[in-house]
$ cat target.cif   # mmCIF, C-alpha atoms (C1' of nucleotides)
data_upload
#
loop_
_atom_site.label_atom_id
_atom_site.label_comp_id
_atom_site.auth_asym_id
_atom_site.auth_seq_id
_atom_site.Cartn_x
_atom_site.Cartn_y
_atom_site.Cartn_z
CA MET V 1070 -3.30 -14.92 0.53
CA ALA V 1071 -0.25 -12.83 0.04
CA ALA V 1072 -0.10 -11.65 -3.56
CA ASN V 1073 2.29 -13.50 -5.81
CA THR V 1074 5.16 -11.12 -6.37
CA GLN V 1075 7.72 -13.64 -7.49
CA LEU V 1076 8.18 -12.31 -11.00
CA ALA V 1077 8.53 -8.80 -9.62
CA VAL V 1078 11.07 -9.84 -7.04
CA ALA V 1079 13.03 -12.05 -9.42
CA THR V 1080 13.20 -9.21 -11.92
CA HIS V 1081 14.32 -6.89 -9.14
CA ILE V 1082 17.12 -9.26 -8.20
CA LEU V 1083 18.33 -9.72 -11.75
CA THR V 1084 18.19 -6.01 -12.47
CA ILE V 1085 20.23 -5.21 -9.39
CA LEU V 1086 22.80 -7.75 -10.47
CA ALA V 1087 22.79 -6.23 -13.95
CA LEU V 1088 23.34 -2.75 -12.54
CA GLY V 1089 26.27 -4.05 -10.53
CA GLN V 1090 27.72 -5.50 -13.67
CA GLY V 1091 30.02 -3.07 -15.46
CA ASP V 1092 29.30 -3.08 -19.16
CA GLU V 1093 32.95 -2.75 -20.09
CA SER V 1094 34.60 -5.01 -17.54
CA PRO V 1095 33.90 -8.71 -17.79
CA LYS V 1096 33.92 -9.05 -14.03
CA ASN V 1097 30.56 -9.18 -12.37
CA VAL V 1098 30.21 -7.71 -8.96
CA ARG V 1099 29.08 -10.36 -6.52
CA LEU V 1100 26.28 -9.36 -4.20
CA CYS V 1101 25.15 -11.26 -1.14
CA SER V 1102 21.54 -12.17 -0.51
CA GLU V 1103 21.53 -9.93 2.53
CA ALA V 1104 22.21 -6.79 0.50
CA ILE V 1105 19.68 -7.72 -2.15
CA ALA V 1106 17.07 -8.52 0.47
CA HIS V 1107 17.62 -5.07 1.92
CA SER V 1108 16.75 -3.35 -1.34
CA ILE V 1109 13.68 -5.54 -1.78
CA ASP V 1110 12.77 -5.17 1.88
CA THR V 1111 12.44 -8.84 2.60
CA ASN V 1112 14.28 -11.70 4.22
CA PRO V 1113 17.55 -13.05 2.75
CA VAL V 1114 16.03 -16.52 2.73
CA VAL V 1115 13.26 -15.35 0.44
CA VAL V 1116 15.92 -14.10 -1.94
CA ARG V 1117 17.92 -17.30 -1.79
CA ARG V 1118 14.80 -19.38 -2.33
CA LEU V 1119 13.98 -17.45 -5.48
CA VAL V 1120 17.56 -17.33 -6.65
CA ALA V 1121 17.72 -21.12 -6.41
CA LYS V 1122 15.24 -21.27 -9.30
CA LEU V 1123 17.24 -18.76 -11.30
CA VAL V 1124 20.43 -20.72 -10.75
CA LYS V 1125 18.72 -23.90 -11.89
CA VAL V 1126 18.01 -22.45 -15.33
CA GLY V 1127 21.40 -20.81 -15.67
CA LEU V 1128 20.49 -17.17 -15.19
CA VAL V 1129 22.44 -16.64 -11.99
CA GLU V 1130 25.63 -17.99 -10.53
CA SER V 1131 26.14 -18.32 -6.82
CA GLN V 1132 29.18 -18.96 -4.74
CA ALA V 1133 29.07 -20.09 -1.14
CA GLY V 1134 31.59 -19.20 1.50
CA LYS V 1135 33.26 -16.03 2.58
CA GLY V 1136 33.40 -13.43 -0.14
CA GLY V 1137 30.80 -15.40 -2.07
CA GLY V 1138 27.51 -14.15 -3.35
CA LEU V 1139 25.40 -13.90 -6.47
CA SER V 1140 26.11 -12.70 -9.97
CA LEU V 1141 24.54 -12.92 -13.39
CA ALA V 1142 25.39 -15.96 -15.48
CA CYS V 1143 24.23 -14.25 -18.70
CA LYS V 1144 24.45 -10.90 -20.36
CA PRO V 1145 21.47 -8.79 -19.27
CA ASP V 1146 20.32 -8.33 -22.86
CA GLN V 1147 20.11 -12.10 -23.20
CA ILE V 1148 17.65 -12.44 -20.33
CA SER V 1149 14.10 -11.82 -21.45
CA LEU V 1150 11.38 -11.55 -18.83
CA LEU V 1151 9.91 -14.66 -20.44
CA ARG V 1152 12.98 -16.62 -19.37
CA VAL V 1153 12.51 -15.32 -15.84
CA TYR V 1154 8.83 -16.14 -15.91
CA GLU V 1155 9.55 -19.67 -17.09
CA ALA V 1156 12.22 -20.13 -14.45
CA LEU V 1157 9.60 -19.58 -11.76
CA GLY V 1158 7.42 -22.46 -12.86
CA ASP V 1159 5.24 -23.55 -15.73
CA GLU V 1160 1.92 -22.42 -14.40
CA MET V 1161 0.46 -18.96 -14.29
CA ALA V 1162 -1.40 -18.39 -11.05
CA SER V 1163 -4.27 -16.50 -12.53
CA PRO V 1164 -7.99 -16.44 -13.20
CA PHE V 1165 -7.21 -18.17 -16.48
CA LYS V 1166 -7.61 -21.66 -15.17
CA PRO V 1167 -10.22 -24.07 -16.47
CA HIS V 1168 -12.52 -25.72 -13.98
CA THR V 1169 -13.60 -29.37 -13.90
CA PRO V 1170 -17.25 -29.63 -14.92
CA ASN V 1171 -19.59 -32.54 -14.58
CA GLN V 1172 -18.09 -35.19 -16.84
CA ASN V 1173 -21.56 -36.48 -17.66
CA CYS V 1174 -22.64 -33.15 -19.06
CA PRO V 1175 -21.60 -32.99 -22.72
CA THR V 1176 -21.92 -29.23 -22.76
CA GLY V 1177 -19.68 -28.95 -19.74
CA VAL V 1178 -17.07 -31.24 -21.21
CA SER V 1179 -16.99 -29.30 -24.47
CA MET V 1180 -16.85 -26.02 -22.54
CA VAL V 1181 -13.57 -26.86 -20.89
CA ARG V 1182 -12.06 -27.89 -24.16
CA VAL V 1183 -12.98 -24.56 -25.70
CA LEU V 1184 -11.88 -22.64 -22.62
CA HIS V 1185 -8.56 -24.38 -22.73
CA GLY V 1186 -7.99 -22.95 -26.20
CA VAL V 1187 -8.99 -19.47 -25.11
CA PHE V 1188 -6.70 -19.49 -22.12
CA ALA V 1189 -3.83 -20.81 -24.22
CA GLU V 1190 -4.31 -17.82 -26.49
CA VAL V 1191 -4.19 -15.47 -23.51
CA GLU V 1192 -1.06 -17.09 -22.16
CA ASP V 1193 0.51 -16.86 -25.57
CA GLY V 1194 -0.01 -13.12 -25.65
CA VAL V 1195 1.48 -12.77 -22.20
CA ARG V 1196 4.55 -14.70 -23.26
CA LYS V 1197 5.02 -12.56 -26.35
CA THR V 1198 4.96 -9.42 -24.24
CA LEU V 1199 7.41 -10.83 -21.72
CA GLU V 1200 9.68 -12.03 -24.48
CA SER V 1201 10.06 -8.52 -25.84
CA LEU V 1202 11.60 -7.15 -22.66
CA THR V 1203 15.02 -7.90 -21.20
CA ILE V 1204 16.78 -7.31 -17.94
CA ALA V 1205 19.01 -4.90 -19.85
CA ASP V 1206 15.88 -2.88 -20.72
CA MET V 1207 14.84 -2.93 -17.09
CA ALA V 1208 18.27 -1.79 -15.90
CA GLN V 1209 18.28 1.05 -18.40
CA ALA V 1210 14.77 2.15 -17.46
CA VAL V 1211 15.64 2.06 -13.78
CA GLN V 1212 18.75 4.15 -14.36
CA ARG V 1213 16.73 6.72 -16.25
CA ALA V 1214 14.03 6.79 -13.58
CA LYS V 1215 16.64 7.30 -10.90
CA CYS V 1216 18.16 10.24 -12.77
CA LEU V 1217 14.78 11.85 -13.22
CA GLU V 1218 13.99 11.40 -9.58
CA ALA V 1219 17.33 12.79 -8.48
CA ALA V 1220 16.74 15.81 -10.68
CA ALA V 1221 13.26 16.28 -9.27
CA GLY V 1222 14.64 15.98 -5.75
CA ALA V 1223 17.29 18.59 -6.48
CA ALA V 1224 14.69 20.94 -7.95
CA GLU V 1225 12.56 20.49 -4.87
CA GLN V 1226 15.50 21.35 -2.65
CA ALA V 1227 16.18 24.55 -4.56
CA MET G 686 -5.07 -22.85 -2.44
CA ALA G 687 -7.84 -23.69 -4.79
CA ALA G 688 -7.04 -22.30 -8.22
CA ASN G 689 -9.02 -19.28 -9.30
CA THR G 690 -11.51 -20.56 -11.83
CA GLN G 691 -13.95 -17.69 -11.70
CA LEU G 692 -13.52 -16.57 -15.29
CA ALA G 693 -13.93 -20.15 -16.48
CA VAL G 694 -17.05 -20.71 -14.42
CA ALA G 695 -18.58 -17.35 -15.31
CA THR G 696 -18.00 -18.06 -18.98
CA HIS G 697 -19.52 -21.49 -18.53
CA ILE G 698 -22.63 -19.98 -16.98
CA LEU G 699 -23.07 -17.36 -19.67
CA THR G 700 -22.50 -19.87 -22.45
CA ILE G 701 -25.10 -22.23 -21.04
CA LEU G 702 -27.55 -19.35 -20.87
CA ALA G 703 -26.67 -18.42 -24.44
CA LEU G 704 -27.26 -21.98 -25.60
CA GLY G 705 -30.65 -21.97 -23.92
CA GLN G 706 -31.48 -18.78 -25.73
CA GLY G 707 -33.18 -19.44 -29.07
CA ASP G 708 -31.65 -17.17 -31.68
CA GLU G 709 -34.95 -16.63 -33.41
CA SER G 710 -37.31 -16.30 -30.46
CA PRO G 711 -36.85 -13.26 -28.23
CA LYS G 712 -37.73 -15.31 -25.17
CA ASN G 713 -34.82 -16.48 -23.10
CA VAL G 714 -35.15 -19.75 -21.33
CA ARG G 715 -34.73 -19.23 -17.62
CA LEU G 716 -32.43 -21.63 -15.85
CA CYS G 717 -32.15 -22.09 -12.12
CA SER G 718 -28.83 -22.02 -10.29
CA GLU G 719 -29.35 -25.66 -9.33
CA ALA G 720 -29.33 -26.84 -12.95
CA ILE G 721 -26.34 -24.69 -13.85
CA ALA G 722 -24.44 -25.86 -10.80
CA HIS G 723 -25.03 -29.42 -11.92
CA SER G 724 -23.35 -28.84 -15.26
CA ILE G 725 -20.43 -27.09 -13.60
CA ASP G 726 -20.32 -29.68 -10.84
CA THR G 727 -20.41 -27.26 -7.97
CA ASN G 728 -22.77 -25.83 -5.39
CA PRO G 729 -25.72 -23.63 -6.39
CA VAL G 730 -24.49 -21.00 -3.96
CA VAL G 731 -21.21 -20.75 -5.83
CA VAL G 732 -23.19 -20.07 -8.99
CA ARG G 733 -25.40 -17.47 -7.37
CA ARG G 734 -22.38 -15.76 -5.83
CA LEU G 735 -20.75 -15.44 -9.23
CA VAL G 736 -23.98 -14.52 -10.98
CA ALA G 737 -24.47 -11.68 -8.52
CA LYS G 738 -21.45 -9.99 -10.08
CA LEU G 739 -22.75 -10.59 -13.58
CA VAL G 740 -26.12 -9.12 -12.66
CA LYS G 741 -24.44 -6.07 -11.21
CA VAL G 742 -22.89 -5.18 -14.57
CA GLY G 743 -26.00 -5.99 -16.55
CA LEU G 744 -24.93 -9.22 -18.22
CA VAL G 745 -27.51 -11.43 -16.53
CA GLU G 746 -31.06 -11.01 -15.28
CA SER G 747 -32.39 -12.95 -12.37
CA GLN G 748 -35.87 -13.44 -11.05
CA ALA G 749 -36.59 -14.75 -7.60
CA GLY G 750 -39.57 -16.83 -6.69
CA LYS G 751 -41.25 -19.86 -8.13
CA GLY G 752 -40.61 -20.26 -11.84
CA GLY G 753 -37.77 -17.76 -11.53
CA GLY G 754 -34.18 -18.25 -12.57
CA LEU G 755 -31.43 -16.74 -14.65
CA SER G 756 -31.24 -15.47 -18.19
CA LEU G 757 -28.97 -13.34 -20.33
CA ALA G 758 -29.56 -9.62 -20.24
CA CYS G 759 -27.60 -9.08 -23.46
CA LYS G 760 -27.21 -10.69 -26.82
CA PRO G 761 -24.38 -13.24 -26.64
CA ASP G 762 -22.44 -11.52 -29.40
CA GLN G 763 -22.43 -8.36 -27.30
CA ILE G 764 -20.71 -10.05 -24.39
CA SER G 765 -16.95 -10.14 -24.83
CA LEU G 766 -14.87 -12.15 -22.42
CA LEU G 767 -13.33 -8.84 -21.44
CA ARG G 768 -16.68 -7.71 -20.08
CA VAL G 769 -16.91 -10.92 -18.11
CA TYR G 770 -13.37 -10.50 -16.84
CA GLU G 771 -14.09 -6.96 -15.76
CA ALA G 772 -17.29 -8.01 -14.05
CA LEU G 773 -15.30 -10.26 -11.75
CA GLY G 774 -13.19 -7.47 -10.31
CA ASP G 775 -10.59 -4.97 -11.39
CA GLU G 776 -7.54 -6.88 -10.40
CA MET G 777 -5.85 -9.77 -12.05
CA ALA G 778 -4.81 -12.35 -9.49
CA SER G 779 -1.53 -13.25 -11.06
CA PRO G 780 2.21 -13.27 -10.77
CA PHE G 781 2.14 -9.82 -12.36
CA LYS G 782 1.97 -7.95 -9.11
CA PRO G 783 4.60 -5.46 -8.06
CA HIS G 784 6.17 -5.82 -4.66
CA THR G 785 6.91 -3.10 -2.14
CA PRO G 786 10.65 -2.52 -1.95
CA ASN G 787 12.63 -0.60 0.60
CA GLN G 788 11.44 2.98 0.17
CA ASN G 789 14.90 4.27 1.10
CA CYS G 790 16.54 2.42 -1.75
CA PRO G 791 16.33 4.60 -4.87
CA THR G 792 16.96 1.64 -7.14
CA GLY G 793 14.13 -0.27 -5.51
CA VAL G 794 11.74 2.63 -5.79
CA SER G 795 12.51 3.09 -9.47
CA MET G 796 12.22 -0.67 -10.03
CA VAL G 797 8.59 -0.78 -9.00
CA ARG G 798 7.78 2.15 -11.20
CA VAL G 799 9.28 0.38 -14.19
CA LEU G 800 7.68 -2.93 -13.26
CA HIS G 801 4.35 -1.24 -13.02
CA GLY G 802 4.68 -0.22 -16.64
CA VAL G 803 5.68 -3.71 -17.73
CA PHE G 804 2.78 -5.34 -15.96
CA ALA G 805 0.37 -2.80 -17.41
CA GLU G 806 1.59 -3.82 -20.84
CA VAL G 807 0.98 -7.48 -20.03
CA GLU G 808 -2.48 -6.74 -18.74
CA ASP G 809 -3.21 -4.74 -21.84
CA GLY G 810 -2.39 -7.68 -24.06
CA VAL G 811 -4.61 -9.94 -22.00
CA ARG G 812 -7.49 -7.52 -22.33
CA LYS G 813 -7.08 -7.29 -26.08
CA THR G 814 -7.26 -11.05 -26.40
CA LEU G 815 -10.31 -11.28 -24.17
CA GLU G 816 -11.98 -8.47 -26.04
CA SER G 817 -11.80 -10.38 -29.30
CA LEU G 818 -13.91 -13.27 -28.05
CA THR G 819 -17.60 -13.28 -27.24
CA ILE G 820 -20.01 -15.60 -25.51
CA ALA G 821 -21.56 -16.17 -28.92
CA ASP G 822 -18.20 -17.49 -30.13
CA MET G 823 -18.00 -19.73 -27.10
CA ALA G 824 -21.49 -21.09 -27.64
CA GLN G 825 -20.76 -21.79 -31.26
CA ALA G 826 -17.48 -23.53 -30.46
CA VAL G 827 -19.14 -25.63 -27.78
CA GLN G 828 -21.89 -26.66 -30.19
CA ARG G 829 -19.33 -27.69 -32.74
CA ALA G 830 -17.30 -29.61 -30.18
CA LYS G 831 -20.41 -31.42 -29.01
CA CYS G 832 -21.27 -32.46 -32.57
CA LEU G 833 -17.78 -33.76 -33.16
CA GLU G 834 -17.85 -35.69 -29.94
CA ALA G 835 -21.25 -37.16 -30.69
CA ALA G 836 -20.01 -38.25 -34.10
CA ALA G 837 -16.92 -39.81 -32.56
CA GLY G 838 -19.08 -41.60 -30.02
CA ALA G 839 -21.34 -42.97 -32.75
CA ALA G 840 -18.33 -44.16 -34.71
CA GLU G 841 -16.99 -45.90 -31.62
CA GLN G 842 -20.29 -47.66 -31.10
CA ALA G 843 -20.35 -48.95 -34.67
"C1'" DC W 1443 -53.65 -16.78 1.15
"C1'" DC W 1444 -50.71 -20.30 1.66
"C1'" DA W 1445 -47.45 -23.75 -0.12
"C1'" DT W 1446 -43.73 -23.95 -3.06
"C1'" DA W 1447 -39.67 -22.84 -5.53
"C1'" DA W 1448 -36.52 -19.82 -6.47
"C1'" DT W 1449 -32.83 -15.99 -5.49
"C1'" DG W 1450 -29.66 -13.33 -2.16
"C1'" DT W 1451 -26.46 -13.42 1.20
"C1'" DA W 1452 -24.18 -14.12 5.55
"C1'" DA W 1453 -21.39 -17.19 8.12
"C1'" DC W 1454 -18.25 -20.73 8.68
"C1'" DC W 1455 -14.81 -24.21 7.30
"C1'" DA W 1456 -11.08 -26.75 4.80
"C1'" DT W 1457 -7.53 -26.32 1.64
"C1'" DT W 1458 -3.77 -24.23 -0.35
"C1'" DG W 1459 -0.18 -20.74 -2.01
"C1'" DT W 1460 2.84 -17.09 -0.46
"C1'" DA W 1461 6.06 -15.06 2.24
"C1'" DG W 1462 8.40 -14.35 6.71
"C1'" DT W 1463 11.31 -16.46 10.10
"C1'" DT W 1464 14.47 -19.50 12.61
"C1'" DA W 1465 17.79 -22.86 12.51
"C1'" DC W 1466 21.50 -25.25 10.93
"C1'" DA W 1467 24.54 -27.89 7.67
"C1'" DA W 1468 27.80 -27.08 3.91
"C1'" DT W 1469 31.21 -24.39 1.80
"C1'" DA W 1470 35.05 -21.50 0.88
"C1'" DA W 1471 38.06 -17.53 1.75
"C1'" DA W 1472 41.31 -15.08 4.63
"C1'" DT K 1416 40.34 -21.93 12.39
"C1'" DT K 1417 37.45 -18.24 12.19
"C1'" DT K 1418 34.19 -16.06 9.51
"C1'" DA K 1419 30.98 -15.02 5.93
"C1'" DT K 1420 28.30 -16.89 2.84
"C1'" DT K 1421 24.89 -20.15 0.33
"C1'" DG K 1422 21.34 -24.01 0.59
"C1'" DT K 1423 17.47 -25.82 2.54
"C1'" DA K 1424 14.22 -27.70 5.81
"C1'" DA K 1425 10.72 -26.64 9.03
"C1'" DC K 1426 7.39 -23.87 11.03
"C1'" DT K 1427 4.12 -19.97 11.20
"C1'" DA K 1428 0.81 -16.36 9.75
"C1'" DC K 1429 -2.14 -14.71 6.46
"C1'" DA K 1430 -5.19 -14.43 2.64
"C1'" DA K 1431 -7.96 -16.20 -1.38
"C1'" DT K 1432 -10.87 -19.71 -3.05
"C1'" DG K 1433 -14.57 -22.58 -3.09
"C1'" DG K 1434 -17.79 -25.77 -0.57
"C1'" DT K 1435 -21.50 -25.91 2.63
"C1'" DT K 1436 -25.34 -24.76 5.74
"C1'" DA K 1437 -28.75 -21.74 7.01
"C1'" DC K 1438 -32.15 -18.57 6.49
"C1'" DA K 1439 -34.52 -14.30 4.91
"C1'" DT K 1440 -36.74 -12.62 0.77
"C1'" DT K 1441 -39.49 -12.88 -3.18
"C1'" DA K 1442 -42.79 -14.30 -6.50
"C1'" DT K 1443 -45.75 -17.84 -8.66
"C1'" DG K 1444 -49.73 -20.48 -8.74
"C1'" DG K 1445 -53.23 -23.26 -7.01
#

$ encode --input "target.cif" --output "structure tokens"
Amino acid sequence: MAANTQLAVATHILTILALGQGDESPKNVRLCSEAIAHSIDTNPVVVRRLVAKLVKVGLVESQAGKGGGLSLACKPDQISLLRVYEALGDEMASPFKPHTPNQNCPTGVSMVRVLHGVFAEVEDGVRKTLESLTIADMAQAVQRAKCLEAAAGAAEQA
Amino acid sequence: MAANTQLAVATHILTILALGQGDESPKNVRLCSEAIAHSIDTNPVVVRRLVAKLVKVGLVESQAGKGGGLSLACKPDQISLLRVYEALGDEMASPFKPHTPNQNCPTGVSMVRVLHGVFAEVEDGVRKTLESLTIADMAQAVQRAKCLEAAAGAAEQA
DNA sequence: CCATAATGTAACCATTGTAGTTACAATAAA
DNA sequence: TTTATTGTAACTACAATGGTTACATTATGG
């Protein structure tokens, strides 16, 4: 199967929108799905499909029609990666899924109950990590990385 | 797709083996893949396929031939869930996978670098949680759950 | 030494999630 | 009214998972 890159792509989209958003001016730049798809190297429909989920939870605003496009519906520092993660769906596609043992085996039945607790603990840790990071952090880190790279490129040229 | 339940099933297998292992006697009971598969409610081949990975990293011993079967190669309190997780493969099948953006878009390129760091942090948290739990803990919890359930069943009967 | 019971593993299939793509209706600006 | 955009359905290709059959290998035990 193709790897699940939805959180990565959604974060990419939001970060791009954040970068387009001037910190001082209240006006967000509106980007079209075509342009975003180009940066991600995918199809505009893939972007719109993902964005639909982000719109549904109030992270993104979209406007149809000529001159329309996408923009953030929140300040970047108000968007934790946990909010993005939750926007994509409740379930983590991961190896942390209980199985369904033989219901007549008491050991098996107890196993799943215990496993459920363990996996909940794992998920909880994941959520805490995601909660501590915002799109604003991502945008800042990307800016910094771009500067460093530009500098390295310039040094290489010289 | 079928959900990935490998960690759950592997933990199930190891816990069953741990339960069959008398704490006082040094002899492990040997169980055959057929019996284990029955508790998990799957095919013996699925069990053997998984066990092969556990054998490879020295968590389980297997003996072919009549009277053969599977047994723990370690003390249960020496087997953290992290070891089990690692035995199954290096990569976490999860939504925490970076994508591959347009390599000509400097923002995209920086994005993945930053995302990589974020996802490493998530993975790190997961590993810490898994490291804090052992098969011995699982076995103990399962025992306790079974007792509770038996008591509840008895109460229901009365 | 042969019958038996077990592992090891290859091969194949069905199911399902993901992403890519085409197509087109709906919408809104110029 | 033309044009540029979103929204969404439908289809495809691909890969991962787990179930299943089949069979070679191995070791016990009578």

$ closest_atom_pairs --input "target.cif" --of "chain K" --to "chain G" --cutoff "10 Å" --atoms "only C-alpha atoms (C1' of nucleotides)" --output "JSON lines"
{"residue": "K:DA1430", "atom": "C1'", "partner": "G:Met686", "partner_atom": "CA", "distance": 9.8}
{"residue": "K:DA1431", "atom": "C1'", "partner": "G:Met686", "partner_atom": "CA", "distance": 7.3}
{"residue": "K:DT1432", "atom": "C1'", "partner": "G:Ala687", "partner_atom": "CA", "distance": 5.3}
{"residue": "K:DG1433", "atom": "C1'", "partner": "G:Ala687", "partner_atom": "CA", "distance": 7.0}
{"residue": "K:DG1434", "atom": "C1'", "partner": "G:Asn728", "partner_atom": "CA", "distance": 6.9}
{"residue": "K:DT1435", "atom": "C1'", "partner": "G:Asn728", "partner_atom": "CA", "distance": 8.1}
{"residue": "K:DT1440", "atom": "C1'", "partner": "G:Ala749", "partner_atom": "CA", "distance": 8.6}
{"residue": "K:DT1441", "atom": "C1'", "partner": "G:Gly750", "partner_atom": "CA", "distance": 5.3}
{"residue": "K:DA1442", "atom": "C1'", "partner": "G:Gly750", "partner_atom": "CA", "distance": 4.1}
{"residue": "K:DT1443", "atom": "C1'", "partner": "G:Lys751", "partner_atom": "CA", "distance": 5.0}
{"residue": "K:DG1444", "atom": "C1'", "partner": "G:Lys751", "partner_atom": "CA", "distance": 8.5}

$ atom_distance --input "target.cif" --atom1 "CA of Leu744 (chain G)" --atom2 "CA of Ala772 (chain G)"
8.8 Å

$ resolve_selection --input "target.cif" --expression "the PyMOL selection byres ((chain V and resi 1124) around 12)" --output "list of chain:residue names"
V:Ala1079, V:Leu1083, V:Val1116, V:Arg1117, V:Arg1118, V:Leu1119, V:Val1120, V:Ala1121, V:Lys1122, V:Leu1123, V:Lys1125, V:Val1126, V:Gly1127, V:Leu1128, V:Val1129, V:Glu1130, V:Ser1131, V:Gln1132, V:Leu1139, V:Ser1140, V:Leu1141, V:Ala1142, V:Cys1143, V:Val1153, V:Ala1156, V:Leu1157, K:DT1421, K:DG1422

$ write_last_selection --input "target.cif" --atoms "C-alpha atoms (C1' of nucleotides)" --output "PDB file, in the frame of the given file"
ATOM      1  CA  ALA V1079      13.030 -12.050  -9.420  1.00  0.00           C
ATOM      2  CA  LEU V1083      18.330  -9.720 -11.750  1.00  0.00           C
ATOM      3  CA  VAL V1116      15.920 -14.100  -1.940  1.00  0.00           C
ATOM      4  CA  ARG V1117      17.920 -17.300  -1.790  1.00  0.00           C
ATOM      5  CA  ARG V1118      14.800 -19.380  -2.330  1.00  0.00           C
ATOM      6  CA  LEU V1119      13.980 -17.450  -5.480  1.00  0.00           C
ATOM      7  CA  VAL V1120      17.560 -17.330  -6.650  1.00  0.00           C
ATOM      8  CA  ALA V1121      17.720 -21.120  -6.410  1.00  0.00           C
ATOM      9  CA  LYS V1122      15.240 -21.270  -9.300  1.00  0.00           C
ATOM     10  CA  LEU V1123      17.240 -18.760 -11.300  1.00  0.00           C
ATOM     11  CA  LYS V1125      18.720 -23.900 -11.890  1.00  0.00           C
ATOM     12  CA  VAL V1126      18.010 -22.450 -15.330  1.00  0.00           C
ATOM     13  CA  GLY V1127      21.400 -20.810 -15.670  1.00  0.00           C
ATOM     14  CA  LEU V1128      20.490 -17.170 -15.190  1.00  0.00           C
ATOM     15  CA  VAL V1129      22.440 -16.640 -11.990  1.00  0.00           C
ATOM     16  CA  GLU V1130      25.630 -17.990 -10.530  1.00  0.00           C
ATOM     17  CA  SER V1131      26.140 -18.320  -6.820  1.00  0.00           C
ATOM     18  CA  GLN V1132      29.180 -18.960  -4.740  1.00  0.00           C
ATOM     19  CA  LEU V1139      25.400 -13.900  -6.470  1.00  0.00           C
ATOM     20  CA  SER V1140      26.110 -12.700  -9.970  1.00  0.00           C
ATOM     21  CA  LEU V1141      24.540 -12.920 -13.390  1.00  0.00           C
ATOM     22  CA  ALA V1142      25.390 -15.960 -15.480  1.00  0.00           C
ATOM     23  CA  CYS V1143      24.230 -14.250 -18.700  1.00  0.00           C
ATOM     24  CA  VAL V1153      12.510 -15.320 -15.840  1.00  0.00           C
ATOM     25  CA  ALA V1156      12.220 -20.130 -14.450  1.00  0.00           C
ATOM     26  CA  LEU V1157       9.600 -19.580 -11.760  1.00  0.00           C
TER      27      LEU V1157
ATOM     28  C1'  DT K1421      24.890 -20.150   0.330  1.00  0.00           C
ATOM     29  C1'  DG K1422      21.340 -24.010   0.590  1.00  0.00           C
TER      30       DG K1422
END

$ closest_atom_pairs --input "target.cif" --of "chain V" --to "chain G" --cutoff "6 Å" --atoms "only C-alpha atoms" --output "JSON lines"
{"residue": "V:Asn1073", "atom": "CA", "partner": "G:Pro780", "partner_atom": "CA", "distance": 5.0}
{"residue": "V:Thr1074", "atom": "CA", "partner": "G:Lys782", "partner_atom": "CA", "distance": 5.3}
{"residue": "V:Ala1077", "atom": "CA", "partner": "G:Pro783", "partner_atom": "CA", "distance": 5.4}
{"residue": "V:Ser1108", "atom": "CA", "partner": "G:Asn787", "partner_atom": "CA", "distance": 5.3}
{"residue": "V:Ile1109", "atom": "CA", "partner": "G:Pro786", "partner_atom": "CA", "distance": 4.3}
{"residue": "V:Asp1110", "atom": "CA", "partner": "G:Asn787", "partner_atom": "CA", "distance": 4.7}
{"residue": "V:Ala1162", "atom": "CA", "partner": "G:Ser779", "partner_atom": "CA", "distance": 5.1}
{"residue": "V:Ser1163", "atom": "CA", "partner": "G:Ser779", "partner_atom": "CA", "distance": 4.5}
{"residue": "V:Pro1164", "atom": "CA", "partner": "G:Asn689", "partner_atom": "CA", "distance": 4.9}
{"residue": "V:Lys1166", "atom": "CA", "partner": "G:Thr690", "partner_atom": "CA", "distance": 5.3}
{"residue": "V:Pro1167", "atom": "CA", "partner": "G:Ala693", "partner_atom": "CA", "distance": 5.4}
{"residue": "V:His1168", "atom": "CA", "partner": "G:Thr690", "partner_atom": "CA", "distance": 5.7}
{"residue": "V:Pro1170", "atom": "CA", "partner": "G:Ile725", "partner_atom": "CA", "distance": 4.3}
{"residue": "V:Asn1171", "atom": "CA", "partner": "G:Asp726", "partner_atom": "CA", "distance": 4.8}
{"residue": "V:Cys1174", "atom": "CA", "partner": "G:Ser724", "partner_atom": "CA", "distance": 5.8}
{"residue": "V:Gly1177", "atom": "CA", "partner": "G:Ser724", "partner_atom": "CA", "distance": 5.8}
{"residue": "V:Ser1179", "atom": "CA", "partner": "G:Val827", "partner_atom": "CA", "distance": 5.4}
{"residue": "V:Met1180", "atom": "CA", "partner": "G:Val827", "partner_atom": "CA", "distance": 5.7}
{"residue": "V:Val1191", "atom": "CA", "partner": "G:Val811", "partner_atom": "CA", "distance": 5.7}
{"residue": "V:Val1195", "atom": "CA", "partner": "G:Val807", "partner_atom": "CA", "distance": 5.7}
{"residue": "V:Val1211", "atom": "CA", "partner": "G:Ser795", "partner_atom": "CA", "distance": 5.4}
{"residue": "V:Ala1214", "atom": "CA", "partner": "G:Ser795", "partner_atom": "CA", "distance": 5.7}

$ write_last_selection --input "target.cif" --atoms "C-alpha atoms" --output "short mmCIF file (atom, residue, chain, number, x, y, z; two decimals), keeping the file's coordinate frame"
data_model
loop_
_atom_site.label_atom_id
_atom_site.label_comp_id
_atom_site.auth_asym_id
_atom_site.auth_seq_id
_atom_site.Cartn_x
_atom_site.Cartn_y
_atom_site.Cartn_z
CA ASN V 1073 2.29 -13.50 -5.81
CA THR V 1074 5.16 -11.12 -6.37
CA ALA V 1077 8.53 -8.80 -9.62
CA SER V 1108 16.75 -3.35 -1.34
CA ILE V 1109 13.68 -5.54 -1.78
CA ASP V 1110 12.77 -5.17 1.88
CA ALA V 1162 -1.40 -18.39 -11.05
CA SER V 1163 -4.27 -16.50 -12.53
CA PRO V 1164 -7.99 -16.44 -13.20
CA LYS V 1166 -7.61 -21.66 -15.17
CA PRO V 1167 -10.22 -24.07 -16.47
CA HIS V 1168 -12.52 -25.72 -13.98
CA PRO V 1170 -17.25 -29.63 -14.92
CA ASN V 1171 -19.59 -32.54 -14.58
CA CYS V 1174 -22.64 -33.15 -19.06
CA GLY V 1177 -19.68 -28.95 -19.74
CA SER V 1179 -16.99 -29.30 -24.47
CA MET V 1180 -16.85 -26.02 -22.54
CA VAL V 1191 -4.19 -15.47 -23.51
CA VAL V 1195 1.48 -12.77 -22.20
CA VAL V 1211 15.64 2.06 -13.78
CA ALA V 1214 14.03 6.79 -13.58
#
